[in-house]
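Worksheet: the structure to be examined is printed underneath.
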Amino acid sequence: MDYETLLVEQQGAVTLVRFNRPQALNALNQQVLDDLIACFAAYDADPGQRCLVLTGSEKAFAAGADIKGMQGKGFSDMYLENFFQGFEKVTATRKPWIAAVAGFALGGGCEVAMMADFIIAADTAKFGQPEIKLGVAPGMGGSQRLTRAVGKAKAMDMCLTGRMMGAEEAERASLVSRVVPAADLLDEALKAAQDIAAMPPVAALVNKEMVNAAFETNLAMGIVFERRLFNGVCATEDKIEGMTAFVEKRPGNWVGR
Ligand code: CAA
């Protein structure tokens, strides 16, 4: 399927999605939002696709929500339109996906990256929540996800000063899982995605669901949730195959059930 603001290609079981609004440093307007929701829904529904990589350009992953589109809107416009509301659909994606970030990931761009299961950053990546400089604040989950990722001190620092955080600091602060040279970003992200795509698919979904539960529940309930999902995944054919393959010293042949 073609999208106005995204370039999408499939590489085996991996979907590669690139933001494609270079004239606005991939700023997120309504069209990008609509395209992203449709693209992620198509990925989630396609049984042949097992992992997705979302990336931008060398200069910008995405430089935020589209400021020009928001410039003339007041409280009532934003409130009545429930501006940004569709983005929950991206976070509802059940299958794994990775954000591969080079250059600017600011405001909504940083917020979309933080919706990913994990972020791989180029050494050129710059993360920030500079909304305060526009007289506003994060509106797509940034104050919540950034705080959960890096803790209160750094999240307050980022939101209140609007400063950018470079890739090394982002790795130290656990905002990103790895930093790689910019020239290797896409290869590294696609390699990670291919590795995930080669895993037993039910186990991939279960692992993702478990980790995400840690953000929504307390430890005791999270551990019960984990135990029940663990019990459940033990009933899959791929569990029998995985353990048999280990004992027989061969790779597993997954059936996806
Ligand atoms: N919205 C709309 N257009 C944007 C944009 C944005 N967020 N970011 C960049 N652009 C446009 C610029 O207006 C410019 O367009 P023109 O050539 O038509 O003027 C083009 O992209 C290139 O940008 P610059 O000339 O500014 O490039 P630069 O290299 O000098 O600076 C930058 C790069 C530091 C990222 C700078 O563009 C910038 O500060 N952008 C805005 C970042 C920002 O404030 N993001 C937060 C937005 S609010 C938000 O996201 C709310 C939320 O939580 C959901």
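Chain identifiers are assigned as A, B, and so on, following the order in which chains appear in the structure tokens; residues are numbered from 1 within each chain, and ligands are numbered from 1 in order of appearance.
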
Next on the checklist: For the structure I just gave you, how does DSSP split segment 49-221 of chain A - specifically, which residues are strand (DSSP E or B)? Reply as a ChimeraX atom specification.
Outcome noted: /A:51-55,60-62,65,97-101,104-106,118-122,126-128,165-166,178-180

Could you take the residues named above and write them with C-alpha atoms, as a PDB file, in the first residue's frame?
ATOM      1  CA  CYS A  51       9.027  -7.035  13.092  1.00  0.00           C
ATOM      2  CA  LEU A  52       8.960  -3.393  11.958  1.00  0.00           C
ATOM      3  CA  VAL A  53      11.606  -0.672  11.873  1.00  0.00           C
ATOM      4  CA  LEU A  54      10.502   2.975  11.865  1.00  0.00           C
ATOM      5  CA  THR A  55      13.121   5.490  10.804  1.00  0.00           C
ATOM      6  CA  ALA A  60      15.718  14.053  11.402  1.00  0.00           C
ATOM      7  CA  PHE A  61      13.758  11.125  12.711  1.00  0.00           C
ATOM      8  CA  ALA A  62      10.969  13.694  13.235  1.00  0.00           C
ATOM      9  CA  ALA A  65       4.298  17.777  15.843  1.00  0.00           C
ATOM     10  CA  TRP A  97       8.790  -2.692  16.425  1.00  0.00           C
ATOM     11  CA  ILE A  98      11.981  -0.687  16.706  1.00  0.00           C
ATOM     12  CA  ALA A  99      12.636   3.040  16.252  1.00  0.00           C
ATOM     13  CA  ALA A 100      15.922   3.715  14.435  1.00  0.00           C
ATOM     14  CA  VAL A 101      16.762   7.337  15.208  1.00  0.00           C
ATOM     15  CA  PHE A 104      16.481  15.214  15.549  1.00  0.00           C
ATOM     16  CA  ALA A 105      13.833  13.350  17.533  1.00  0.00           C
ATOM     17  CA  LEU A 106      12.106  16.324  19.133  1.00  0.00           C
ATOM     18  CA  PHE A 118      13.109   0.006  21.910  1.00  0.00           C
ATOM     19  CA  ILE A 119      15.182   2.697  20.267  1.00  0.00           C
ATOM     20  CA  ILE A 120      18.448   2.186  18.423  1.00  0.00           C
ATOM     21  CA  ALA A 121      20.194   5.536  18.031  1.00  0.00           C
ATOM     22  CA  ALA A 122      22.786   6.780  15.582  1.00  0.00           C
ATOM     23  CA  LYS A 126      19.348  14.290  19.427  1.00  0.00           C
ATOM     24  CA  PHE A 127      16.340  13.787  21.657  1.00  0.00           C
ATOM     25  CA  GLY A 128      14.324  16.545  23.235  1.00  0.00           C
ATOM     26  CA  MET A 165      20.053  15.048  24.793  1.00  0.00           C
ATOM     27  CA  GLY A 166      22.702  13.496  22.578  1.00  0.00           C
ATOM     28  CA  ARG A 178      22.211   0.979  21.765  1.00  0.00           C
ATOM     29  CA  VAL A 179      24.155   3.667  19.932  1.00  0.00           C
ATOM     30  CA  VAL A 180      25.801   2.894  16.614  1.00  0.00           C
TER      31      VAL A 180
END

Next on the checklist: 10 Å from ligand 1 is the threshold here; counting only C-alpha atoms and all ligand atoms, which polymer residues fall inside it? Answer as a PyMOL selection string.
Outcome noted: chain A and resi 21-29+59-71+83-84+103-112+126+128-143+162+164

Item to check | Residue contacts of segment 219-235 of chain A (9 Å, only C-alpha atoms) excluding same-chain residues fewer than 5 positions away, as a PyMOL selection string | outcome: chain A and resi 202-203+206-207+209-211+213-214+240

Next on the checklist: Just to confirm, what's the straight-line distance from atom CA of Gly151 of chain A to atom CA of Thr93 of chain A in Å (one decimal)?
Outcome noted: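 Interatomic distance here is 25.0 Å.
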
Item to check | Filtered DSSP result for segment 21-75 of chain A, state helix (DSSP H, G or I), as a PyMOL selection string | outcome: chain A and resi 22-24+30-45+67-70+75

Next on the checklist: Could you tell me how far atom CA of Asp123 of chain A sits from atom CA of Glu168 of chain A, in Å to one decimal place?
Outcome noted: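 Answer for the atom CA of Glu168 of chain A to atom CA of Asp123 of chain A separation: 7.2 Å.
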
Checklist entry - Neighbours of Gln194 of chain A within 12 Å (only C-alpha atoms; same-chain residues fewer than 3 positions away dropped), as a PyMOL selection string? => result chain A and resi 10-16+49-53+96-98+186-191+197-199
